[in-house]
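**Q** Sharing upload-v3.cif, mmCIF, C-alpha atoms:
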```
data_work
#
loop_
_atom_site.label_atom_id
_atom_site.label_comp_id
_atom_site.auth_asym_id
_atom_site.auth_seq_id
_atom_site.Cartn_x
_atom_site.Cartn_y
_atom_site.Cartn_z
CA MET A 11 27.56 13.06 9.26
CA GLU A 12 24.37 11.88 10.97
CA GLN A 13 22.84 15.29 10.31
CA ALA A 14 23.66 15.13 6.60
CA ALA A 15 22.23 11.60 6.36
CA PHE A 16 19.02 12.72 8.07
CA TYR A 17 18.49 15.62 5.68
CA ILE A 18 19.26 13.52 2.60
CA PHE A 19 16.84 10.76 3.62
CA ALA A 20 14.18 13.27 4.71
CA ALA A 21 14.39 15.20 1.42
CA LEU A 22 14.26 11.94 -0.53
CA ALA A 23 11.16 10.76 1.38
CA VAL A 24 9.31 14.07 0.98
CA VAL A 25 10.14 14.53 -2.72
CA ALA A 26 9.28 10.92 -3.57
CA SER A 27 5.98 11.15 -1.64
CA LEU A 28 5.07 14.41 -3.41
CA LEU A 29 5.75 12.77 -6.76
CA VAL A 30 3.62 9.76 -5.74
CA ILE A 31 0.58 12.02 -5.46
CA GLY A 32 1.70 14.30 -8.30
CA LEU A 33 2.34 11.90 -11.18
CA ARG A 34 -0.54 10.73 -13.32
CA SER A 35 0.66 7.19 -13.97
CA PRO A 36 -0.09 4.71 -11.14
CA MET A 37 2.97 2.67 -12.17
CA HIS A 38 5.33 5.60 -11.55
CA SER A 39 3.54 6.33 -8.27
CA VAL A 40 4.11 2.80 -6.99
CA ILE A 41 7.81 2.81 -7.93
CA LEU A 42 8.38 6.22 -6.31
CA LEU A 43 6.63 5.01 -3.17
CA ILE A 44 9.26 2.24 -2.99
CA VAL A 45 11.94 4.98 -3.10
CA SER A 46 10.15 6.78 -0.27
CA PHE A 47 10.04 3.58 1.80
CA GLY A 48 13.76 3.06 1.20
CA ALA A 49 14.47 6.55 2.53
CA LEU A 50 12.31 5.88 5.60
CA SER A 51 14.23 2.66 6.13
CA GLY A 52 17.43 4.71 6.22
CA LEU A 53 15.85 6.99 8.85
CA TYR A 54 15.01 3.92 10.96
CA LEU A 55 18.69 2.95 10.81
CA LEU A 56 19.59 6.45 12.08
CA LEU A 57 17.10 5.88 14.93
CA ASP A 58 18.92 2.69 16.05
CA ALA A 59 16.11 0.46 14.76
CA PRO A 60 17.77 -1.95 12.30
CA PHE A 61 15.04 -4.58 12.76
CA THR A 62 12.34 -2.09 11.72
CA ALA A 63 14.51 -0.90 8.82
CA VAL A 64 14.83 -4.44 7.47
CA THR A 65 11.14 -5.31 7.94
CA GLN A 66 10.28 -2.02 6.19
CA ILE A 67 12.23 -3.18 3.13
CA ILE A 68 11.04 -6.79 3.21
CA ILE A 69 7.35 -6.27 4.02
CA TYR A 70 6.61 -2.85 2.52
CA ALA A 71 8.94 -2.53 -0.44
CA GLY A 72 9.06 -6.28 -1.01
CA ALA A 73 5.58 -7.63 -0.40
CA ILE A 74 2.99 -4.84 -0.30
CA MET A 75 4.38 -2.85 -3.23
CA VAL A 76 4.66 -5.97 -5.40
CA LEU A 77 0.97 -6.55 -4.68
CA PHE A 78 0.22 -2.98 -5.81
CA LEU A 79 2.35 -3.36 -8.95
CA PHE A 80 0.57 -6.63 -9.71
CA VAL A 81 -2.86 -4.97 -9.53
CA VAL A 82 -1.74 -1.92 -11.58
CA MET A 83 -0.50 -4.23 -14.32
CA LEU A 84 -3.58 -6.48 -14.06
CA LEU A 85 -6.00 -3.57 -14.53
CA ASN A 86 -3.80 -2.08 -17.29
CA ALA A 87 -4.73 1.51 -16.32
CA HIS A 88 -1.81 3.67 -17.42
CA THR A 89 -3.16 7.12 -16.57
CA GLU A 90 -6.32 8.54 -15.05
CA ASP A 91 -7.56 9.43 -18.52
CA ASP A 92 -7.64 5.74 -19.45
CA MET A 93 -10.06 4.91 -16.68
CA GLY A 94 -13.25 6.40 -18.06
CA GLY A 95 -15.94 7.80 -15.79
CA PRO A 96 -16.56 11.47 -14.94
CA ARG A 97 -13.80 14.07 -15.33
CA ILE A 98 -11.80 15.36 -12.38
CA SER A 99 -13.48 18.34 -10.71
CA GLY A 100 -11.33 21.45 -10.09
CA PRO A 101 -12.81 23.29 -7.05
CA ALA A 102 -13.11 20.17 -4.87
CA MET A 103 -9.44 19.39 -5.50
CA GLY A 104 -8.45 22.95 -4.53
CA VAL A 105 -10.36 22.72 -1.25
CA GLY A 106 -8.78 19.34 -0.50
CA ALA A 107 -5.26 20.63 -1.16
CA LEU A 108 -5.95 23.70 1.00
CA LEU A 109 -7.16 21.48 3.87
CA SER A 110 -3.98 19.40 3.69
CA VAL A 111 -1.77 22.50 3.75
CA LEU A 112 -3.74 23.74 6.78
CA LEU A 113 -3.23 20.37 8.49
CA ALA A 114 0.53 20.58 7.87
CA ALA A 115 0.63 24.18 9.19
CA GLU A 116 -1.30 23.18 12.34
CA MET A 117 1.02 20.27 13.06
CA LEU A 118 4.16 22.36 12.49
CA TRP A 119 2.77 25.09 14.78
CA ALA A 120 1.98 22.57 17.50
CA LEU A 121 5.43 20.93 17.22
CA GLN A 122 7.15 24.30 17.30
CA ARG A 123 5.58 24.91 20.73
CA LEU A 124 6.98 21.58 21.97
CA GLY A 125 10.56 22.88 22.10
CA VAL A 126 13.64 21.08 20.89
CA THR A 127 14.29 17.76 22.61
CA GLY A 128 17.45 15.77 21.88
CA PHE A 129 17.89 12.01 22.03
CA GLY A 130 19.63 10.37 24.99
CA PRO A 131 22.50 7.96 24.30
CA ASP A 132 21.57 4.34 23.55
CA PRO A 133 22.37 2.32 26.71
CA GLY A 134 23.93 -0.44 24.60
CA GLY A 135 24.41 -4.13 25.42
CA SER A 136 21.31 -6.18 26.26
CA ALA A 137 19.37 -3.00 27.16
CA SER A 138 20.02 -1.50 23.71
CA ILE A 139 16.88 -0.63 21.78
CA SER A 140 18.56 -1.82 18.59
CA SER A 141 18.76 -5.34 20.06
CA VAL A 142 16.59 -7.76 18.07
CA ALA A 143 16.63 -10.13 21.06
CA ARG A 144 14.95 -7.49 23.19
CA ILE A 145 12.32 -6.80 20.52
CA GLY A 146 11.60 -10.51 20.20
CA GLY A 147 11.38 -10.92 23.97
CA ALA A 148 8.86 -8.10 24.31
CA LEU A 149 6.91 -9.27 21.27
CA PHE A 150 6.43 -12.82 22.54
CA THR A 151 5.83 -12.02 26.23
CA THR A 152 4.21 -8.62 26.86
CA HIS A 153 2.57 -8.39 23.44
CA ALA A 154 1.95 -12.12 22.86
CA PHE A 155 -1.85 -11.73 22.73
CA ALA A 156 -1.69 -8.91 20.15
CA PHE A 157 0.74 -11.03 18.11
CA GLU A 158 -1.69 -13.97 18.03
CA VAL A 159 -4.58 -11.66 17.13
CA THR A 160 -2.63 -10.35 14.12
CA SER A 161 -2.25 -13.93 12.86
CA ILE A 162 -6.04 -14.28 12.91
CA LEU A 163 -6.32 -10.89 11.17
CA ILE A 164 -4.00 -12.04 8.39
CA LEU A 165 -6.02 -15.24 7.95
CA VAL A 166 -9.31 -13.32 7.77
CA ALA A 167 -7.83 -10.80 5.32
CA MET A 168 -6.47 -13.60 3.13
CA VAL A 169 -9.81 -15.42 2.94
CA GLY A 170 -11.66 -12.10 2.50
CA ALA A 171 -9.42 -11.01 -0.37
CA VAL A 172 -9.96 -14.32 -2.18
CA VAL A 173 -13.74 -14.16 -1.69
CA ILE A 174 -14.03 -10.50 -2.79
CA ALA A 175 -11.84 -10.81 -5.88
CA ARG A 176 -13.36 -14.13 -7.03
CA ARG A 177 -15.25 -14.08 -10.30
CA GLU A 178 -18.97 -14.85 -9.92
CA HIS A 179 -20.25 -17.89 -11.83
CA MET B 13 22.28 17.76 16.24
CA ILE B 14 19.14 16.00 15.04
CA SER B 15 16.42 16.10 17.69
CA LEU B 16 13.09 14.36 18.17
CA ASN B 17 11.42 17.47 16.74
CA HIS B 18 13.10 16.98 13.37
CA TYR B 19 11.58 13.52 13.06
CA LEU B 20 8.14 14.67 14.24
CA VAL B 21 8.13 17.56 11.74
CA LEU B 22 9.14 15.21 8.92
CA SER B 23 6.40 12.80 9.99
CA GLY B 24 3.83 15.63 10.01
CA ILE B 25 4.85 16.71 6.52
CA LEU B 26 4.62 13.14 5.18
CA PHE B 27 1.20 12.67 6.82
CA SER B 28 -0.09 15.88 5.21
CA ILE B 29 1.19 14.71 1.82
CA GLY B 30 -0.79 11.51 2.36
CA THR B 31 -4.01 13.38 3.20
CA ALA B 32 -3.45 15.65 0.18
CA GLY B 33 -3.21 12.54 -1.99
CA VAL B 34 -6.51 11.20 -0.67
CA PHE B 35 -8.22 14.57 -1.28
CA VAL B 36 -6.69 15.46 -4.63
CA ARG B 37 -6.36 12.21 -6.57
CA LYS B 38 -9.26 10.54 -8.37
CA ASN B 39 -7.77 7.09 -8.72
CA LEU B 40 -8.51 4.28 -6.25
CA ILE B 41 -4.98 2.83 -6.47
CA THR B 42 -3.30 6.19 -5.80
CA ILE B 43 -5.67 6.77 -2.87
CA LEU B 44 -4.56 3.43 -1.38
CA LEU B 45 -0.92 4.48 -1.94
CA SER B 46 -1.63 7.75 -0.09
CA ILE B 47 -2.99 5.75 2.85
CA GLU B 48 0.30 3.80 2.88
CA ILE B 49 2.20 7.15 3.02
CA MET B 50 0.13 8.16 6.07
CA LEU B 51 0.72 4.81 7.79
CA ASN B 52 4.46 5.22 7.23
CA ALA B 53 4.43 8.74 8.65
CA VAL B 54 2.83 7.36 11.82
CA ASN B 55 5.37 4.51 11.91
CA LEU B 56 8.19 7.06 11.83
CA THR B 57 6.63 8.84 14.82
CA PHE B 58 6.39 5.58 16.78
CA VAL B 59 10.02 4.64 16.13
CA ALA B 60 11.32 8.16 16.88
CA VAL B 61 9.39 8.47 20.14
CA GLY B 62 10.41 4.91 21.10
CA ARG B 63 14.05 5.91 20.56
CA TYR B 64 13.48 9.07 22.63
CA LEU B 65 11.95 7.12 25.54
CA GLY B 66 14.49 4.30 25.22
CA THR B 67 11.92 1.50 24.80
CA VAL B 68 11.35 -1.04 22.03
CA ASP B 69 7.55 -0.60 22.23
CA GLY B 70 7.60 1.90 19.36
CA GLN B 71 9.24 -0.65 17.09
CA ILE B 72 6.76 -3.34 18.18
CA ILE B 73 3.76 -1.12 17.38
CA THR B 74 5.38 -0.37 14.01
CA PHE B 75 5.58 -4.13 13.41
CA PHE B 76 1.84 -4.45 14.09
CA VAL B 77 1.05 -1.45 11.87
CA MET B 78 2.96 -3.12 9.02
CA THR B 79 0.93 -6.31 9.54
CA VAL B 80 -2.36 -4.40 9.47
CA ALA B 81 -1.15 -2.46 6.40
CA ALA B 82 -0.48 -5.75 4.59
CA ALA B 83 -3.98 -7.00 5.42
CA GLU B 84 -5.47 -3.65 4.40
CA ALA B 85 -3.61 -3.68 1.07
CA ALA B 86 -4.75 -7.22 0.29
CA VAL B 87 -8.44 -6.54 1.00
CA GLY B 88 -8.33 -3.03 -0.52
CA LEU B 89 -6.80 -4.24 -3.77
CA ALA B 90 -9.29 -7.12 -3.94
CA LEU B 91 -12.07 -4.51 -3.63
CA VAL B 92 -10.41 -2.43 -6.40
CA ILE B 93 -10.35 -5.46 -8.70
CA ALA B 94 -14.00 -6.26 -7.93
CA LEU B 95 -15.06 -2.63 -8.53
CA PHE B 96 -13.09 -2.42 -11.78
CA ARG B 97 -14.78 -5.61 -12.97
CA HIS B 98 -18.24 -4.10 -12.40
CA ARG B 99 -17.73 -0.55 -13.74
CA GLU B 100 -14.53 -0.59 -15.87
CA THR B 101 -13.25 2.50 -14.05
CA LEU B 102 -11.12 3.38 -11.01
CA ILE B 103 -12.55 6.87 -10.40
CA PRO B 104 -14.36 6.96 -7.03
CA ASP B 105 -17.05 9.33 -8.37
CA ALA B 106 -18.36 6.46 -10.50
CA PHE B 107 -19.31 4.42 -7.42
CA THR B 108 -22.35 6.29 -6.08
CA LEU B 109 -24.81 3.43 -5.54
CA LEU B 110 -24.82 3.92 -1.74
CA LYS B 111 -24.86 7.72 -1.94
CA TRP B 112 -27.98 9.27 -0.40
#
```
Would you write out, as structure tokens, the structure that this file holds?

**A**
Amino acid sequence: MEQAAFYIFAALAVVASLLVIGLRSPMHSVILLIVSFGALSGLYLLLDAPFTAVTQIIIYAGAIMVLFLFVVMLLNAHTEDDMGGPRISGPAMGVGALLSVLLAAEMLWALQRLGVTGFGPDPGGSASISSVARIGGALFTTHAFAFEVTSILILVAMVGAVVIARREH
Amino acid sequence: MISLNHYLVLSGILFSIGTAGVFVRKNLITILLSIEIMLNAVNLTFVAVGRYLGTVDGQIITFFVMTVAAAEAAVGLALVIALFRHRETLIPDAFTLLKW
């Protein structure tokens, strides 16, 4: 059962991601990326991480992808042909694709040397890694400084985005 | 039985798809989407290894990665809008002002 769920979600994530980089319309790419994020969210559930699964849906599929959709619609660029500028060059694309395939082969070769390692059972109770209380405790004690720094990062990014996208008068 | 290796292999494949997108596509928005694919592949690694080691640290790092990804998307898309306003195109080859 768990095995079947893993393979379904994994296949969904890989196929959706391939279509994201394969389709010419940015709108279709964004919507397929949401599908891919949904599949990853299912994988997080299989990994006993319900908090991460929910934040994946809310933040990624909910907030970030809506931002992307908003910009795609705002710029009204349906396909790459609509965008003007120089045409896509063939040889450079081939080299890039080859490099990515090499990267995948290298990683698979390295992982194959690692040997198969199974997961231990989740301890359960208050020590369970699926416990949101434990995540919150670690986030606001051990990682409290990093948490505060991210709030400053968000503020800077917000002001920066407004300044960059503002129309000059 | 699904092992840690299955998740790491899946993550490696997704990361390679993301790099392929950055190399192959000539559209600033799709390149940003490819970066999101790569960030998600890394997130999957963090959560899987965190599950393997029995700690919540993997999930906490994933939380921070999501925050940084949100900031990156906001600034990146603002840059895309500003670039489109200047050149009326989204193809990176059109922006060569700083090229030596």

**Q** For Ala90 in chain B, work out the shell of residues within 6 Å, counting all atoms listed in the file and skipping chain neighbours fewer than 3 positions away, then give it as a short mmCIF file (atom, residue, chain, number, x, y, z; two decimals) with C-alpha atoms, keeping the file's coordinate frame.

**A**
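Result written to part_36.cif:
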```
data_model
loop_
_atom_site.label_atom_id
_atom_site.label_comp_id
_atom_site.auth_asym_id
_atom_site.auth_seq_id
_atom_site.Cartn_x
_atom_site.Cartn_y
_atom_site.Cartn_z
CA ALA A 171 -9.42 -11.01 -0.37
CA ILE A 174 -14.03 -10.50 -2.79
CA ALA A 175 -11.84 -10.81 -5.88
CA VAL B 87 -8.44 -6.54 1.00
CA ILE B 93 -10.35 -5.46 -8.70
#
```

**Q** Given the file shown, determine the residues that the PyMOL selection byres ((chain B and resi 71-86) around 8) selects; report them as an MDAnalysis selection string.

**A** (chainID A and resid 59 62 65:66 69:70 74 77:78 145 149 157 160 163:164 167:168 171) or (chainID B and resid 44 48 51 55 58:59 62 68:70 87:90)

**Q** In Å, how far is it from CA of Glu158 in chain A to CA of Thr67 in chain B?

**A**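 Computing the Euclidean distance for CA of Glu158 in chain A and CA of Thr67 in chain B yields 21.7 Å.
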
**Q** Expressed in Å to a single decimal, how great is the separation between CA of His38 in chain A and CA of Leu79 in chain A?

**A**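 So the two atoms, CA of His38 in chain A and CA of Leu79 in chain A, lie 9.8 Å apart.
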
**Q** Counting only C-alpha atoms, which residues of chain B come no farther than 6 Å from chain A, as a PyMOL selection string?

**A** chain B and resi 15-17+25+28+32-33+35-36+64+68+83+87+90+94+101-102+106

**Q** CA of Phe27 in chain B to CA of Met83 in chain A: how many Å, to one decimal?

**A**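 Computed distance, CA of Phe27 in chain B to CA of Met83 in chain A, equals 27.1 Å.
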
**Q** Considering all atoms listed in the file, can you say which of B:Lys38, B:Ile29, B:Glu100, B:Leu95 comes closest to Asn52 in chain B?

**A** B:Ile29

**Q** Would you kindly translate the PyMOL selection byres ((chain B and resi 39) around 8) into the concrete residues it picks from this file, as an MDAnalysis selection string?

**A** (chainID A and resid 90) or (chainID B and resid 37:38 40:43 102:104)

**Q** Which one is closest to Ala53 in chain B: A:Val76, A:Ile162, A:Ala49, A:Ile41? Count all atoms listed in the file.

**A**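 Among the listed residues, A:Ala49 lies closest to Ala53 in chain B.
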